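J.: TSV, C-alpha atoms (C1' of nucleotides), saved as coords.tsv, coming up:
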```
chain	number	residue	atom	x	y	z
A	1	MET	CA	200.53	118.73	-129.34
A	2	SER	CA	203.25	118.15	-131.93
A	3	GLU	CA	206.83	117.72	-130.80
A	4	ASN	CA	207.85	120.90	-132.59
A	5	ALA	CA	205.19	122.91	-130.83
A	6	GLN	CA	206.38	121.57	-127.46
A	7	ILE	CA	209.93	122.61	-128.22
A	8	SER	CA	208.69	126.06	-129.16
A	9	ILE	CA	206.79	126.34	-125.89
A	10	ASP	CA	209.91	125.45	-123.93
A	11	LYS	CA	211.84	128.16	-125.70
A	12	ILE	CA	209.07	130.72	-125.30
A	13	VAL	CA	209.06	130.11	-121.57
A	14	GLU	CA	212.84	130.36	-121.47
A	15	ASN	CA	212.70	133.67	-123.33
A	16	LEU	CA	209.94	135.15	-121.16
A	17	ILE	CA	211.69	134.13	-117.96
A	18	SER	CA	214.77	136.00	-119.20
A	19	ILE	CA	212.86	139.10	-120.26
A	20	HIS	CA	211.04	139.47	-116.97
A	21	PRO	CA	213.91	140.63	-114.75
A	22	LEU	CA	215.08	143.01	-117.46
A	23	LEU	CA	211.76	144.83	-117.53
A	24	SER	CA	211.25	144.50	-113.81
A	25	LYS	CA	214.50	146.12	-112.79
A	26	ASN	CA	214.06	148.97	-115.23
A	27	PHE	CA	210.47	149.88	-114.46
A	28	THR	CA	210.41	149.40	-110.71
A	29	ARG	CA	213.57	151.43	-110.19
A	30	ALA	CA	212.24	154.26	-112.32
A	31	ILE	CA	208.88	154.21	-110.58
A	32	ARG	CA	210.50	154.47	-107.18
A	33	SER	CA	212.91	157.21	-108.08
A	34	LYS	CA	210.67	159.37	-110.24
A	35	THR	CA	207.19	159.15	-108.77
A	36	ASN	CA	205.49	158.96	-105.41
A	37	LEU	CA	203.40	156.05	-106.60
A	38	ASN	CA	204.28	152.38	-106.28
A	39	PRO	CA	204.43	149.77	-109.05
A	40	GLY	CA	201.13	148.19	-108.05
A	41	SER	CA	199.14	151.38	-108.42
A	42	LEU	CA	200.76	152.06	-111.79
A	43	PHE	CA	199.59	148.62	-112.94
A	44	ILE	CA	196.08	149.55	-111.86
A	45	LEU	CA	196.20	152.81	-113.81
A	46	GLY	CA	197.36	150.98	-116.93
A	47	LEU	CA	194.51	148.53	-116.55
A	48	LEU	CA	191.96	151.30	-116.07
A	49	LYS	CA	193.18	153.10	-119.14
A	50	LYS	CA	192.50	149.96	-121.16
A	51	TYR	CA	189.16	148.96	-119.63
A	52	THR	CA	187.80	152.40	-118.67
A	53	VAL	CA	185.79	151.01	-115.73
A	54	LEU	CA	186.53	148.03	-113.49
A	55	SER	CA	185.21	146.85	-110.14
A	56	MET	CA	187.52	146.26	-107.20
A	57	THR	CA	187.26	142.50	-107.61
A	58	GLU	CA	188.00	142.64	-111.33
A	59	ILE	CA	191.13	144.71	-110.71
A	60	GLY	CA	192.38	142.25	-108.14
A	61	CYS	CA	191.62	139.32	-110.41
A	62	LYS	CA	193.32	140.72	-113.50
A	63	LEU	CA	196.43	141.70	-111.56
A	64	SER	CA	196.40	138.71	-109.20
A	65	MET	CA	196.35	141.20	-106.36
A	66	PRO	CA	194.70	140.33	-103.03
A	67	LYS	CA	191.55	142.33	-102.40
A	68	PRO	CA	192.78	144.13	-99.29
A	69	HIS	CA	195.72	145.35	-101.28
A	70	VAL	CA	193.48	146.64	-104.04
A	71	THR	CA	191.54	148.63	-101.45
A	72	ALA	CA	194.75	150.17	-100.11
A	73	GLN	CA	196.06	151.07	-103.57
A	74	ILE	CA	192.78	152.62	-104.66
A	75	ASP	CA	192.69	154.65	-101.43
A	76	LYS	CA	196.06	156.11	-102.39
A	77	LEU	CA	195.02	156.82	-105.96
A	78	ILE	CA	191.87	158.54	-104.71
A	79	ALA	CA	193.94	160.67	-102.34
A	80	GLU	CA	195.93	161.72	-105.42
A	81	GLU	CA	192.60	162.36	-107.21
A	82	MET	CA	193.67	160.06	-110.05
A	83	VAL	CA	190.69	157.69	-109.87
A	84	GLU	CA	187.15	157.83	-108.51
A	85	ARG	CA	184.71	155.37	-106.97
A	86	LEU	CA	181.34	154.92	-108.69
A	87	ASN	CA	178.38	153.04	-107.32
A	88	ASP	CA	177.03	150.36	-109.60
A	89	PRO	CA	173.34	151.00	-110.34
A	90	ASN	CA	172.65	147.29	-110.89
A	91	ASP	CA	174.36	145.89	-107.82
A	92	ARG	CA	174.85	148.09	-104.80
A	93	ARG	CA	177.67	145.89	-103.47
A	94	ILE	CA	179.88	146.72	-106.42
A	95	ILE	CA	182.16	149.74	-106.46
A	96	ASN	CA	183.43	150.66	-109.89
A	97	ILE	CA	186.71	152.50	-110.37
A	98	ARG	CA	187.37	154.95	-113.18
A	99	LEU	CA	190.28	157.20	-114.11
A	100	THR	CA	189.64	160.90	-113.62
A	101	ASP	CA	190.63	163.34	-116.36
A	102	ASN	CA	193.57	164.42	-114.24
A	103	GLY	CA	194.44	160.82	-113.52
A	104	LEU	CA	194.73	160.00	-117.20
A	105	LYS	CA	196.83	163.09	-117.84
A	106	ASP	CA	199.13	162.42	-114.88
A	107	PHE	CA	199.45	158.78	-115.84
A	108	GLU	CA	200.65	159.70	-119.31
A	109	SER	CA	203.28	162.09	-118.00
A	110	ILE	CA	204.41	159.60	-115.35
A	111	LYS	CA	204.85	157.02	-118.08
A	112	LEU	CA	207.02	159.44	-120.02
A	113	GLU	CA	209.21	159.98	-116.98
A	114	ILE	CA	209.66	156.38	-115.94
A	115	THR	CA	210.46	155.26	-119.48
A	116	GLU	CA	213.00	157.97	-120.13
A	117	GLU	CA	216.05	155.79	-119.59
A	118	LEU	CA	214.52	152.96	-121.59
A	119	ARG	CA	213.89	155.35	-124.48
A	120	HIS	CA	217.48	156.48	-124.47
A	121	ARG	CA	218.65	152.88	-124.58
A	122	ILE	CA	216.35	152.06	-127.49
A	123	GLU	CA	217.39	155.20	-129.38
A	124	LYS	CA	220.93	153.91	-129.57
A	125	LEU	CA	219.84	150.87	-131.54
A	126	SER	CA	219.98	150.74	-135.33
A	127	THR	CA	216.78	151.57	-137.21
A	128	GLU	CA	216.58	147.95	-138.27
A	129	LYS	CA	216.70	146.70	-134.68
A	130	ILE	CA	214.14	149.27	-133.59
A	131	GLU	CA	211.75	148.00	-136.24
A	132	ARG	CA	212.35	144.41	-135.21
A	133	LEU	CA	211.83	145.20	-131.53
A	134	TYR	CA	208.70	147.12	-132.39
A	135	ALA	CA	207.20	144.19	-134.28
A	136	ALA	CA	208.26	141.68	-131.65
A	137	SER	CA	206.91	143.70	-128.72
A	138	ALA	CA	203.58	144.19	-130.49
A	139	VAL	CA	203.14	140.47	-131.14
A	140	ALA	CA	204.23	139.54	-127.61
A	141	ARG	CA	201.85	142.07	-126.11
A	142	GLU	CA	198.93	140.91	-128.22
A	143	ILE	CA	199.30	137.21	-127.52
A	144	LEU	CA	200.36	137.51	-123.88
A	145	THR	CA	197.40	139.77	-123.17
A	146	GLU	CA	195.13	137.20	-124.75
A	147	ILE	CA	196.40	134.27	-122.70
A	148	MET	CA	197.19	135.99	-119.40
A	149	ILE	CA	194.14	138.14	-118.83
A	150	GLU	CA	191.58	135.66	-120.02
A	151	PRO	CA	190.32	132.97	-117.65
A	152	SER	CA	192.76	130.12	-117.12
A	153	THR	CA	191.21	127.56	-114.89
A	154	PRO	CA	187.40	127.69	-114.86
A	155	GLY	CA	186.17	129.67	-111.90
A	156	ASN	CA	189.16	131.97	-112.11
A	157	ASP	CA	187.28	134.21	-114.51
A	158	CYS	CA	187.92	137.94	-114.35
A	159	LYS	CA	185.01	138.97	-116.62
A	160	ARG	CA	185.26	141.92	-119.00
B	161	MET	CA	216.39	160.28	-135.12
B	162	SER	CA	213.73	160.11	-137.81
B	163	GLU	CA	210.13	160.80	-136.94
B	164	ASN	CA	209.15	157.24	-137.78
B	165	ALA	CA	211.77	155.81	-135.47
B	166	GLN	CA	210.50	158.03	-132.64
B	167	ILE	CA	206.96	156.81	-133.18
B	168	SER	CA	208.20	153.23	-133.07
B	169	ILE	CA	210.02	153.88	-129.81
B	170	ASP	CA	206.87	155.25	-128.24
B	171	LYS	CA	204.96	152.16	-129.25
B	172	ILE	CA	207.73	149.82	-128.07
B	173	VAL	CA	207.65	151.45	-124.65
B	174	GLU	CA	203.86	151.22	-124.58
B	175	ASN	CA	204.03	147.54	-125.44
B	176	LEU	CA	206.72	146.73	-122.88
B	177	ILE	CA	204.91	148.59	-120.13
B	178	SER	CA	201.85	146.46	-120.88
B	179	ILE	CA	203.77	143.21	-120.98
B	180	HIS	CA	205.53	143.78	-117.67
B	181	PRO	CA	202.61	143.27	-115.27
B	182	LEU	CA	201.50	140.21	-117.23
B	183	LEU	CA	204.82	138.48	-116.70
B	184	SER	CA	205.27	139.84	-113.22
B	185	LYS	CA	201.99	138.57	-111.86
B	186	ASN	CA	202.46	135.16	-113.39
B	187	PHE	CA	206.02	134.50	-112.31
B	188	THR	CA	206.02	136.03	-108.84
B	189	ARG	CA	202.84	134.21	-107.85
B	190	ALA	CA	204.18	130.90	-109.07
B	191	ILE	CA	207.51	131.42	-107.35
B	192	ARG	CA	205.83	132.14	-104.04
B	193	SER	CA	203.42	129.25	-104.16
B	194	LYS	CA	205.69	126.57	-105.59
B	195	THR	CA	209.15	127.22	-104.15
B	196	ASN	CA	210.76	128.35	-100.94
B	197	LEU	CA	212.90	130.83	-102.85
B	198	ASN	CA	212.03	134.44	-103.60
B	199	PRO	CA	211.93	136.11	-107.03
B	200	GLY	CA	215.20	137.93	-106.47
B	201	SER	CA	217.21	134.78	-105.85
B	202	LEU	CA	215.68	133.16	-108.93
B	203	PHE	CA	216.89	136.13	-110.95
B	204	ILE	CA	220.36	135.54	-109.58
B	205	LEU	CA	220.25	131.87	-110.53
B	206	GLY	CA	219.19	132.74	-114.07
B	207	LEU	CA	222.06	135.18	-114.32
B	208	LEU	CA	224.57	132.67	-113.02
B	209	LYS	CA	223.40	130.08	-115.49
B	210	LYS	CA	224.14	132.53	-118.27
B	211	TYR	CA	227.47	133.90	-117.01
B	212	THR	CA	228.76	130.87	-115.08
B	213	VAL	CA	230.71	133.02	-112.60
B	214	LEU	CA	229.95	136.51	-111.31
B	215	SER	CA	231.21	138.56	-108.39
B	216	MET	CA	228.82	139.98	-105.79
B	217	THR	CA	229.17	143.46	-107.24
B	218	GLU	CA	228.50	142.27	-110.79
B	219	ILE	CA	225.34	140.49	-109.69
B	220	GLY	CA	224.05	143.60	-107.97
B	221	CYS	CA	224.92	145.73	-110.96
B	222	LYS	CA	223.26	143.54	-113.56
B	223	LEU	CA	220.10	143.17	-111.52
B	224	SER	CA	220.09	146.70	-110.10
B	225	MET	CA	220.05	145.08	-106.69
B	226	PRO	CA	221.63	146.86	-103.72
B	227	LYS	CA	224.75	145.12	-102.44
B	228	PRO	CA	223.43	144.28	-98.99
B	229	HIS	CA	220.48	142.59	-100.63
B	230	VAL	CA	222.80	140.53	-102.83
B	231	THR	CA	224.63	139.34	-99.72
B	232	ALA	CA	221.38	138.25	-98.11
B	233	GLN	CA	220.17	136.44	-101.21
B	234	ILE	CA	223.45	134.62	-101.72
B	235	ASP	CA	223.43	133.58	-98.05
B	236	LYS	CA	220.08	131.92	-98.64
B	237	LEU	CA	221.21	130.23	-101.84
B	238	ILE	CA	224.30	128.91	-100.07
B	239	ALA	CA	222.14	127.55	-97.26
B	240	GLU	CA	220.23	125.67	-99.98
B	241	GLU	CA	223.59	124.57	-101.42
B	242	MET	CA	222.63	125.93	-104.82
B	243	VAL	CA	225.63	128.27	-105.23
B	244	GLU	CA	229.14	128.49	-103.78
B	245	ARG	CA	231.56	131.28	-102.93
B	246	LEU	CA	234.96	131.22	-104.59
B	247	ASN	CA	237.91	133.39	-103.72
B	248	ASP	CA	239.34	135.30	-106.63
B	249	PRO	CA	243.05	134.45	-107.05
B	250	ASN	CA	243.79	137.85	-108.58
B	251	ASP	CA	242.03	140.06	-106.07
B	252	ARG	CA	241.39	138.79	-102.58
B	253	ARG	CA	238.61	141.30	-102.01
B	254	ILE	CA	236.46	139.70	-104.67
B	255	ILE	CA	234.14	136.79	-103.95
B	256	ASN	CA	232.94	134.97	-107.02
B	257	ILE	CA	229.66	133.09	-107.07
B	258	ARG	CA	229.04	129.97	-109.09
B	259	LEU	CA	226.14	127.54	-109.43
B	260	THR	CA	226.73	124.13	-107.90
B	261	ASP	CA	225.77	121.04	-109.87
B	262	ASN	CA	222.80	120.59	-107.61
B	263	GLY	CA	221.95	124.26	-107.96
B	264	LEU	CA	221.74	124.01	-111.71
B	265	LYS	CA	219.62	120.88	-111.53
B	266	ASP	CA	217.28	122.34	-108.93
B	267	PHE	CA	217.03	125.58	-110.88
B	268	GLU	CA	215.88	123.73	-113.98
B	269	SER	CA	213.22	121.80	-112.11
B	270	ILE	CA	212.05	124.92	-110.29
B	271	LYS	CA	211.69	126.63	-113.65
B	272	LEU	CA	209.54	123.77	-114.87
B	273	GLU	CA	207.30	124.08	-111.86
B	274	ILE	CA	206.84	127.84	-111.89
B	275	THR	CA	206.11	127.92	-115.60
B	276	GLU	CA	203.58	125.12	-115.51
B	277	GLU	CA	200.54	127.33	-115.69
B	278	LEU	CA	202.12	129.51	-118.37
B	279	ARG	CA	202.80	126.40	-120.46
B	280	HIS	CA	199.20	125.32	-120.21
B	281	ARG	CA	198.05	128.72	-121.36
B	282	ILE	CA	200.43	128.72	-124.32
B	283	GLU	CA	199.42	125.17	-125.28
B	284	LYS	CA	195.89	126.33	-125.92
B	285	LEU	CA	197.04	128.71	-128.64
B	286	SER	CA	196.99	127.76	-132.31
B	287	THR	CA	200.22	126.47	-133.81
B	288	GLU	CA	200.45	129.65	-135.84
B	289	LYS	CA	200.26	131.83	-132.74
B	290	ILE	CA	202.79	129.68	-130.91
B	291	GLU	CA	205.23	130.16	-133.76
B	292	ARG	CA	204.63	133.91	-133.81
B	293	LEU	CA	205.07	134.17	-130.03
B	294	TYR	CA	208.21	132.11	-130.24
B	295	ALA	CA	209.76	134.39	-132.84
B	296	ALA	CA	208.64	137.54	-131.04
B	297	SER	CA	209.92	136.43	-127.65
B	298	ALA	CA	213.28	135.47	-129.11
B	299	VAL	CA	213.76	138.86	-130.77
B	300	ALA	CA	212.58	140.74	-127.68
B	301	ARG	CA	214.91	138.74	-125.46
B	302	GLU	CA	217.88	139.25	-127.75
B	303	ILE	CA	217.51	143.01	-128.12
B	304	LEU	CA	216.38	143.73	-124.57
B	305	THR	CA	219.29	141.78	-123.18
B	306	GLU	CA	221.61	143.81	-125.36
B	307	ILE	CA	220.32	147.19	-124.25
B	308	MET	CA	219.46	146.45	-120.62
B	309	ILE	CA	222.47	144.52	-119.39
B	310	GLU	CA	225.10	146.52	-121.19
B	311	PRO	CA	226.32	149.78	-119.68
B	312	SER	CA	223.89	152.65	-120.05
B	313	THR	CA	225.45	155.76	-118.64
B	314	PRO	CA	229.25	155.64	-118.55
B	315	GLY	CA	230.46	154.56	-115.14
B	316	ASN	CA	227.47	152.29	-114.70
B	317	ASP	CA	229.32	149.44	-116.30
B	318	CYS	CA	228.69	145.92	-115.05
B	319	LYS	CA	231.63	144.28	-116.84
B	320	ARG	CA	231.43	140.76	-118.27
C	321	DG	C1'	162.05	134.19	-95.79
C	322	DA	C1'	166.31	131.77	-94.04
C	323	DA	C1'	170.80	130.48	-95.52
C	324	DA	C1'	174.59	130.82	-98.43
C	325	DT	C1'	177.29	133.57	-101.49
C	326	DT	C1'	179.48	137.69	-103.19
C	327	DG	C1'	181.79	142.47	-103.02
C	328	DG	C1'	184.29	145.23	-100.33
C	329	DT	C1'	186.64	146.92	-96.10
C	330	DT	C1'	189.36	146.59	-91.78
C	331	DA	C1'	192.99	144.79	-89.01
C	332	DC	C1'	197.01	142.29	-88.43
C	333	DA	C1'	201.19	139.51	-89.46
C	334	DA	C1'	204.87	138.33	-92.36
C	335	DA	C1'	207.81	138.20	-96.55
C	336	DA	C1'	210.40	140.73	-100.00
C	337	DG	C1'	212.74	144.57	-101.67
C	338	DT	C1'	215.06	149.14	-101.07
C	339	DA	C1'	218.20	152.57	-98.96
C	340	DT	C1'	221.77	154.20	-96.00
C	341	DA	C1'	225.56	154.25	-92.97
C	342	DA	C1'	229.29	152.14	-90.67
C	343	DC	C1'	232.73	148.83	-90.79
C	344	DT	C1'	236.74	145.37	-92.31
C	345	DA	C1'	239.91	143.81	-95.65
C	346	DT	C1'	242.26	144.47	-99.77
C	347	DT	C1'	244.02	146.98	-103.62
C	348	DA	C1'	245.27	151.24	-106.12
C	349	DT	C1'	247.09	155.96	-106.08
C	350	DT	C1'	250.40	159.37	-105.15
D	351	DA	C1'	254.27	155.02	-96.46
D	352	DA	C1'	250.01	157.47	-96.24
D	353	DT	C1'	245.74	158.06	-98.50
D	354	DA	C1'	242.03	156.96	-101.34
D	355	DA	C1'	239.15	153.73	-103.54
D	356	DT	C1'	236.94	149.16	-104.04
D	357	DA	C1'	234.61	144.62	-102.56
D	358	DG	C1'	231.92	142.78	-99.41
D	359	DT	C1'	229.38	142.39	-94.90
D	360	DT	C1'	226.55	143.92	-90.95
D	361	DA	C1'	222.97	146.53	-88.99
D	362	DT	C1'	218.91	149.16	-89.25
D	363	DA	C1'	214.81	151.31	-90.93
D	364	DC	C1'	211.45	151.63	-94.27
D	365	DT	C1'	208.21	150.56	-98.27
D	366	DT	C1'	205.79	147.31	-100.97
D	367	DT	C1'	203.51	143.21	-101.43
D	368	DT	C1'	201.26	139.00	-99.84
D	369	DG	C1'	198.17	136.28	-96.84
D	370	DT	C1'	194.59	135.45	-93.48
D	371	DA	C1'	190.68	136.15	-90.73
D	372	DA	C1'	186.84	138.69	-89.33
D	373	DC	C1'	183.30	141.64	-90.52
D	374	DC	C1'	179.24	144.34	-92.91
D	375	DA	C1'	176.13	145.05	-96.69
D	376	DA	C1'	173.85	143.39	-100.63
D	377	DT	C1'	172.41	139.73	-103.52
D	378	DT	C1'	171.30	134.85	-104.73
D	379	DT	C1'	169.76	130.42	-103.76
D	380	DC	C1'	166.69	127.16	-102.16
```
Starting from the file, lay out its structure as structure tokens.
T.:
Amino acid sequence: MSENAQISIDKIVENLISIHPLLSKNFTRAIRSKTNLNPGSLFILGLLKKYTVLSMTEIGCKLSMPKPHVTAQIDKLIAEEMVERLNDPNDRRIINIRLTDNGLKDFESIKLEITEELRHRIEKLSTEKIERLYAASAVAREILTEIMIEPSTPGNDCKR
Amino acid sequence: MSENAQISIDKIVENLISIHPLLSKNFTRAIRSKTNLNPGSLFILGLLKKYTVLSMTEIGCKLSMPKPHVTAQIDKLIAEEMVERLNDPNDRRIINIRLTDNGLKDFESIKLEITEELRHRIEKLSTEKIERLYAASAVAREILTEIMIEPSTPGNDCKR
DNA sequence: GAAATTGGTTACAAAAGTATAACTATTATT
DNA sequence: AATAATAGTTATACTTTTGTAACCAATTTC
């Protein structure tokens, strides 16, 4: 580890720790005021859109969510008919979760609603800043997804 | 608003909404397991480090935190002797909050602890990716801070 | 085939965050 | 001077999230 790289890591962490409350306050407020879902179940929907099918354990692992909580959230999403439980043909213990057609559609429109204020804020930026934020958010998403979802310590593997 | 800019905004929102749970799960877990503070009070400390002095109302405004919750959080931070209340000489209704010397020191060491796992994950990246993530996080922080902390709708102004 | 492990659920307790109303003290309005 | 508005606290109720332990069913291990 070069000294320069270490300095960069310190600054990355400093930046991420500043970004977090900004996103958190915006999204959680909007979720509460504009939907009857909670942040946790929205995270699950986003995950399912990306991975198509995930078991209960995999969901909990990728979101660092305790298993009993995953069960409760999925129960709510099933009551809303946004996801469905599928039995795994290879292992009858496993219950796979998948978005329903309605669930995907509803998720997209919910996302539009909860990001409305954020969109308005971004719109006010100059075209140059929008392009810079676009590039930056894409890079951050790509690399953070790589390092956060993949296994960290051995044995903490989330598969898929 | 050009069509291209609108497409960029959509993608920015999509990226941010993906990044949020990644940061959220990492930080909130670490905060719970490694400190006796809660995420909300850490947000306040980060804000105070940036602004030096803020009133109760300003804190609540910038973090979208209800006023009674701000009172409770500050009470805890005062019990830990990390912040102090100061009377405002110009307006005796206002109570200003400032980090104590110890508070700043403790905050820095808490940050080191709660970002330990994140550092290890970043360290495993190539130097090229670290540099890209550094640049991206700096741009995202700069622009998001600008649009999220500043007033959105008129009358929702947080001052300072 | 017995024992241990894994996937998921149930039940319960506790922490954290959100929302609202009522209240005091101070300042601003008129 | 009376009234309205603002800053902050207290009290209360509720939702969301986290954590733990016990439990069943299915699979793996030895």
J.: Rounded to one decimal in Å, what is the spacing between atom CA of B:Leu202 and atom CA of A:Ala136?
T.: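 Those two atoms sit 25.4 Å apart.
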J.: Rounded to one decimal, what separation in Å do you get between atom C1' of D:DA371 and atom CA of A:Leu77?
T.: 26.0 Å
J.: If we count all atoms listed in the file, what is near D:DA376 at a cut-off of 10 Å, once residues fewer than 2 positions away on the same chain are taken out, given as a list in words?
T.: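 Counting only the stated atoms, we get Asp91, Arg92, Arg93 and Ile94 of chain A; DT326 and DG327 of chain C; DC374 and DT378 of chain D.
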J.: Restricted to C-alpha atoms (C1' of nucleotides), what would the selected residues look like written as a compact mmCIF listing (two decimals), in the frame of the given file?
T.:
```txt
# COMPACT_ATOMS: atom_id res chain seq x y z
CA ASP A 91 174.36 145.89 -107.82
CA ARG A 92 174.85 148.09 -104.80
CA ARG A 93 177.67 145.89 -103.47
CA ILE A 94 179.88 146.72 -106.42
C1' DT C 326 179.48 137.69 -103.19
C1' DG C 327 181.79 142.47 -103.02
C1' DC D 374 179.24 144.34 -92.91
C1' DT D 378 171.30 134.85 -104.73
```
J.: Could you check the closest approach to chain A for each of D:DA372, D:DT367, D:DT379, D:DT360 and tell me which residue wins, using only C-alpha atoms (C1' of nucleotides)?
T.: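 Answer, going by the shortest atom-to-atom distance: D:DT367.
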J.: Listing only residues of chain A within 12 Å of chain D, what is the closest atom pair and its distance in Å (to one decimal) for each, using all atoms listed in the file, sorted by chain and residue number ascending, as a Markdown table?
T.:
```
| residue | atom | partner | partner_atom | distance |
| --- | --- | --- | --- | --- |
| A:Thr28 | CA | D:DT366 | C1' | 11.0 |
| A:Arg32 | CA | D:DT365 | C1' | 10.0 |
| A:Asn36 | CA | D:DT365 | C1' | 11.4 |
| A:Leu37 | CA | D:DT366 | C1' | 10.7 |
| A:Asn38 | CA | D:DT366 | C1' | 7.5 |
| A:Pro39 | CA | D:DT366 | C1' | 8.6 |
| A:Gly40 | CA | D:DT366 | C1' | 8.5 |
| A:Ser41 | CA | D:DT366 | C1' | 10.8 |
| A:Ser64 | CA | D:DT368 | C1' | 10.6 |
| A:Met65 | CA | D:DT368 | C1' | 8.5 |
| A:Pro66 | CA | D:DT368 | C1' | 7.4 |
| A:Lys67 | CA | D:DG369 | C1' | 10.6 |
| A:Pro68 | CA | D:DG369 | C1' | 9.8 |
| A:His69 | CA | D:DT367 | C1' | 8.1 |
| A:Val70 | CA | D:DT367 | C1' | 10.9 |
| A:Ala72 | CA | D:DT367 | C1' | 11.3 |
| A:Gln73 | CA | D:DT366 | C1' | 10.8 |
| A:Asp88 | CA | D:DA376 | C1' | 11.8 |
| A:Asn90 | CA | D:DT377 | C1' | 10.6 |
| A:Asp91 | CA | D:DA376 | C1' | 7.6 |
| A:Arg92 | CA | D:DA376 | C1' | 6.4 |
| A:Arg93 | CA | D:DA376 | C1' | 5.4 |
| A:Ile94 | CA | D:DA376 | C1' | 9.0 |
| A:Ile95 | CA | D:DA376 | C1' | 12.0 |
```
J.: Which residues of chain A sit at most 6 Å from chain B, using all atoms listed in the file? Give each one's shortest atom pair and distance in Å (one decimal place), in chain and ascending residue order, as JSON lines.
T.:
```
{"residue": "A:Ile12", "atom": "CA", "partner": "B:Tyr294", "partner_atom": "CA", "distance": 5.2}
{"residue": "A:Asn15", "atom": "CA", "partner": "B:Ser297", "partner_atom": "CA", "distance": 5.8}
{"residue": "A:Ile19", "atom": "CA", "partner": "B:Arg301", "partner_atom": "CA", "distance": 5.6}
{"residue": "A:Arg121", "atom": "CA", "partner": "B:Ile307", "partner_atom": "CA", "distance": 5.9}
{"residue": "A:Leu133", "atom": "CA", "partner": "B:Ala300", "partner_atom": "CA", "distance": 5.9}
{"residue": "A:Tyr134", "atom": "CA", "partner": "B:Ile172", "partner_atom": "CA", "distance": 5.2}
{"residue": "A:Ala136", "atom": "CA", "partner": "B:Ala296", "partner_atom": "CA", "distance": 4.2}
{"residue": "A:Ser137", "atom": "CA", "partner": "B:Asn175", "partner_atom": "CA", "distance": 5.8}
{"residue": "A:Ala140", "atom": "CA", "partner": "B:Ala296", "partner_atom": "CA", "distance": 5.9}
{"residue": "A:Arg141", "atom": "CA", "partner": "B:Ile179", "partner_atom": "CA", "distance": 5.6}
{"residue": "A:Ile147", "atom": "CA", "partner": "B:Arg281", "partner_atom": "CA", "distance": 5.9}
```
J.: Write a file of the just-selected residues containing C-alpha atoms, as a PDB file, keeping the file's coordinate frame.
T.:
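The resulting file, selection_27.pdb, is shown below:
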```
ATOM      1  CA  ILE A  12     209.070 130.720-125.300  1.00  0.00           C
ATOM      2  CA  ASN A  15     212.700 133.670-123.330  1.00  0.00           C
ATOM      3  CA  ILE A  19     212.860 139.100-120.260  1.00  0.00           C
ATOM      4  CA  ARG A 121     218.650 152.880-124.580  1.00  0.00           C
ATOM      5  CA  LEU A 133     211.830 145.200-131.530  1.00  0.00           C
ATOM      6  CA  TYR A 134     208.700 147.120-132.390  1.00  0.00           C
ATOM      7  CA  ALA A 136     208.260 141.680-131.650  1.00  0.00           C
ATOM      8  CA  SER A 137     206.910 143.700-128.720  1.00  0.00           C
ATOM      9  CA  ALA A 140     204.230 139.540-127.610  1.00  0.00           C
ATOM     10  CA  ARG A 141     201.850 142.070-126.110  1.00  0.00           C
ATOM     11  CA  ILE A 147     196.400 134.270-122.700  1.00  0.00           C
TER      12      ILE A 147
END
```
J.: Output the contact residues of chain C with respect to chain B at a cut-off of 12 Å, based on only C-alpha atoms (C1' of nucleotides), as JSON, numbers by chain.
T.: {"C": [335, 336, 337, 338, 339, 340, 341, 344, 345, 346, 347, 348]}
J.: Give the answer as one residue: which of A:Ala30, A:Glu3, A:Thr71, A:Thr100 has the shortest atom-to-atom distance to A:Ser55, using all atoms listed in the file?
T.: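 So, comparing all the options, the nearest one is A:Thr71.
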J.: For atom CA of A:Ile59 and atom CA of A:Ile97, determine how far apart the two atoms are, in Å to one decimal place.
T.: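 Computing the Euclidean distance for atom CA of A:Ile59 and atom CA of A:Ile97 yields 9.0 Å.
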